[in-house]
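Participant: One structure is given below, represented as structure tokens, and several questions about it will come after.
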Amino acid sequence: MMKLSEYVSYDAVGLGHLVSRGEVSPQELADTALRACESVNPHINAVIETWQPERVDVASALALPSPLAGVPFLIKDVGVTMAGRKLEFGSRLSSGFTPAVDSILMQRFRSAGLVTLGRTTIPEFAWSGTTESAQGGATRNPWNLEHGAGGSSGGAAAAVAAGIVPLAHATDAAGSIRIPSASTGVFGLKPTRGRVSNGPALDEAINGLAVQLGVSRSVRDSAALLDAVQGATSGEAFAIAPPTSRYLDQVSTAPGSLRIGVLSQAWGGGRTQPVVLERLAATAQLCASLDHEVEEAEMPLGVSWEAFVQASSVLWAVNIAAWIDDMAAVTGRKIDATTLEPQTLAVYRTGHGIGGIDIIRALDLRNAVTRSVAVFFSRYDMLLTPTLPDLAPRIGTYALGAETISGHEWTDRVFGSSPFTPVFNAAGLPAMSVPLFNDEASGLPIGMQFVASAGREDLLFRVAGQLEASLPWARRTPGTWAGSTND
């Protein structure tokens, strides 16, 4: 039996190597991951449910050449369907909903040899910057249990940060990979729109705002995951150019000297905390020491921040309203305060009040933002910003006053708490949060966001590998850590 202290010393690719050499079996790794979950999940509430691995996954992992074959894995409670397993979207309305088929992404997880063992927490319908819900409770930060883990992939990020699994599925429609990654000190990359299929049920999820991949402790794990799941399938509305080589190889490839623009002031004029700005300056200095050309820069959106938030709110509200109607029809439950949280009900009502012309105008505004942002990348190779303007908030503070809030006001709150991330969902660009620092006073992590032009995940992985080698964050572990357990 593998000890937890040994298990957490490996990343996903490292565990995959053990499996390929016959030093450990997929079943033994699954059993160890489940023990890790039993050890720390009562403290952080990151995993909703676990199960024994399906025999077909364990058996196929032994025959696959994938670097991730046999590795324990968790899926998020949204975005991917696994046949015969619950998918509840963090909501009482959807309680018990069980898809009958695997989504394309789930099929690719299986083809990579990943052994799925459970489901991670999200806020209701994934529309919050913290993972706290009436259905699932609050997910706590492994670095400081009084604080949240970010959202909406907070369960995935907390599970990885605490050592339950080295790699977990995550989604991102306004920052939901990057926000929890920054909050919990893990690595998270949001791929280019169209890089990973949302099919077959969806094409451009939330009108193209939502993409999927995962969160990990090491850069190479996310690279290996993207290698395994990238690519369009028949029936997609469009396909983007495939990578010319493996993303896993990019992690150890020198990026050369890049021109990096640094944005320290968030759109909308919100305040970024001094401790975050200090770490941003340190990151810029680190990049300069790695032979990159770094300078302060501006990135005009082409529209006002208020107009951008309003347009984004329109797209979110109509999509959530349709989603809720679909779930109510399937489950037979009423749509009211007994099945939905106040802010979700407000967004639902807002969505039903939006007309077709409003949606077209919102999409036109998104196009204006996309084209304005593209101008920046004609001058720079990469953008550097803080991932978040502040540290992860305390549990119970994010949704204060939600009982009287409107749907548009809720979107304004979400975007105000994470203003650096949603622009790149609108523009469809690849972006990553890199866990370079921790706040000394609270212990909470501070992530830095890097953004590249469309299709340049390869460049992000090169820089991420360079940063990881310079400041190896995996050596830092949180107070709630599976490897600290006496086993």
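In the structure tokens, each chain is lettered A, B, ... as it comes, each chain's residues begin at 1, and ligands are numbered from 1 in order of appearance.
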With only C-alpha atoms as the counted atoms, please give the residues lying no more than 9 Å from Trp127 of chain A, apart from itself and same-chain residues fewer than 6 positions off, as a list of chain:residue names.

Facilitator: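 My reading of the contact set: A:Gly151, A:Ser152, A:Ala173, A:Ala174, A:Ser176, A:Trp316, A:Ile320, A:Thr344, A:Thr411, A:Val414.
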
Participant: Selected residues, N, CA and C atoms, written as a tab-separated table (two decimals), in the first residue's frame, please.

Facilitator:
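As written to disk, part.tsv reads:
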chain	number	residue	atom	x	y	z
A	151	GLY	N	-13.96	30.46	-7.13
A	151	GLY	CA	-14.98	29.76	-7.89
A	151	GLY	C	-14.87	30.07	-9.37
A	152	SER	N	-15.50	29.30	-10.20
A	152	SER	CA	-16.41	28.27	-9.74
A	152	SER	C	-15.79	26.89	-9.57
A	173	ALA	N	-15.61	30.26	-17.51
A	173	ALA	CA	-16.44	31.13	-18.35
A	173	ALA	C	-16.29	32.60	-18.00
A	174	ALA	N	-15.61	32.89	-16.89
A	174	ALA	CA	-15.32	34.28	-16.51
A	174	ALA	C	-14.09	34.34	-15.61
A	176	SER	N	-13.16	30.95	-13.99
A	176	SER	CA	-13.42	29.86	-13.05
A	176	SER	C	-12.33	28.80	-12.96
A	316	TRP	N	-24.82	35.82	-19.77
A	316	TRP	CA	-24.91	34.91	-18.64
A	316	TRP	C	-26.37	34.67	-18.24
A	320	ILE	N	-28.27	31.07	-18.28
A	320	ILE	CA	-28.66	30.44	-17.01
A	320	ILE	C	-30.17	30.24	-16.95
A	344	THR	N	-29.19	33.45	-7.76
A	344	THR	CA	-29.48	32.66	-8.96
A	344	THR	C	-30.89	32.94	-9.44
A	411	THR	N	-23.87	40.04	-11.45
A	411	THR	CA	-22.77	39.97	-12.42
A	411	THR	C	-21.75	41.07	-12.15
A	414	VAL	N	-19.62	39.87	-9.29
A	414	VAL	CA	-18.67	38.83	-9.69
A	414	VAL	C	-17.51	39.43	-10.47

Participant: For Leu429 of chain A, please output as an NGL selection string all residues within 7 Å (counting only C-alpha atoms; exclusion window: fewer than 6 positions along the same chain).

Facilitator: :A and (192-193 or 452-454)

Participant: Just the helix (DSSP H, G or I) stuff from segment 249-309 of chain A, please, per backbone DSSP, written as a list in words.

Facilitator: Asp249, Gln250, Pro274, Val275, Val276, Leu277, Glu278, Arg279, Leu280, Ala281, Ala282, Thr283, Ala284, Gln285, Leu286, Cys287, Ala288, Ser289, Trp305, Glu306, Ala307, Phe308 and Val309 of chain A

Participant: Hey, what's within 6 Å of segment 439-448 of chain A if we count only C-alpha atoms and toss same-chain stuff fewer than 2 positions away? As a PDB file with N, CA and C atoms, in the first residue's frame, please?

Facilitator:
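The result, stored in result14.pdb:
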ATOM      1  N   TRP A 143      -5.142  26.441   2.548  1.00  0.00           N
ATOM      2  CA  TRP A 143      -4.105  27.292   3.139  1.00  0.00           C
ATOM      3  C   TRP A 143      -4.602  28.053   4.357  1.00  0.00           C
ATOM      4  N   ALA A 182      -5.575  30.777  -8.407  1.00  0.00           N
ATOM      5  CA  ALA A 182      -4.885  31.834  -7.667  1.00  0.00           C
ATOM      6  C   ALA A 182      -5.201  31.766  -6.184  1.00  0.00           C
ATOM      7  N   SER A 183      -6.420  31.417  -5.845  1.00  0.00           N
ATOM      8  CA  SER A 183      -6.846  31.390  -4.446  1.00  0.00           C
ATOM      9  C   SER A 183      -6.207  30.259  -3.657  1.00  0.00           C
ATOM     10  N   THR A 184      -5.927  29.138  -4.318  1.00  0.00           N
ATOM     11  CA  THR A 184      -5.455  27.947  -3.605  1.00  0.00           C
ATOM     12  C   THR A 184      -4.020  27.555  -3.933  1.00  0.00           C
ATOM     13  N   GLY A 185      -3.345  28.312  -4.797  1.00  0.00           N
ATOM     14  CA  GLY A 185      -1.942  28.034  -5.070  1.00  0.00           C
ATOM     15  C   GLY A 185      -1.682  26.874  -6.002  1.00  0.00           C
ATOM     16  N   PRO A 386      -2.187  40.735 -12.286  1.00  0.00           N
ATOM     17  CA  PRO A 386      -2.580  39.864 -11.166  1.00  0.00           C
ATOM     18  C   PRO A 386      -3.764  39.016 -11.626  1.00  0.00           C
ATOM     19  N   THR A 387      -3.883  37.814 -11.127  1.00  0.00           N
ATOM     20  CA  THR A 387      -5.096  37.047 -11.419  1.00  0.00           C
ATOM     21  C   THR A 387      -6.283  37.672 -10.699  1.00  0.00           C
ATOM     22  N   SER A 433      -3.162  31.131 -14.723  1.00  0.00           N
ATOM     23  CA  SER A 433      -2.795  31.659 -13.411  1.00  0.00           C
ATOM     24  C   SER A 433      -1.646  30.825 -12.880  1.00  0.00           C
ATOM     25  N   VAL A 434      -0.559  31.501 -12.504  1.00  0.00           N
ATOM     26  CA  VAL A 434       0.654  30.830 -12.043  1.00  0.00           C
ATOM     27  C   VAL A 434       0.834  31.135 -10.560  1.00  0.00           C
ATOM     28  N   PRO A 435       0.961  30.117  -9.702  1.00  0.00           N
ATOM     29  CA  PRO A 435       0.983  30.307  -8.239  1.00  0.00           C
ATOM     30  C   PRO A 435       2.373  30.645  -7.711  1.00  0.00           C
ATOM     31  N   PHE A 437       3.417  33.078  -5.502  1.00  0.00           N
ATOM     32  CA  PHE A 437       3.666  33.663  -4.185  1.00  0.00           C
ATOM     33  C   PHE A 437       2.585  33.283  -3.176  1.00  0.00           C
TER      34      PHE A 437
END

Participant: For the strand (DSSP E) assignment from backbone DSSP, which residues of segment 147-355 of chain A qualify? Please present them as a list in words.

Facilitator: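 These are the residues in question: His147, Gly148, Leu167, Ala168, His169, Ala170, Thr171, Asp172, Phe187, Gly188, Leu189, Lys190, Val211, Gln212, Leu213, Gly214, Val215, Ser216, Arg259, Ile260, Gly261, Val262, Glu293, Val294, Glu295 and Glu296 of chain A.
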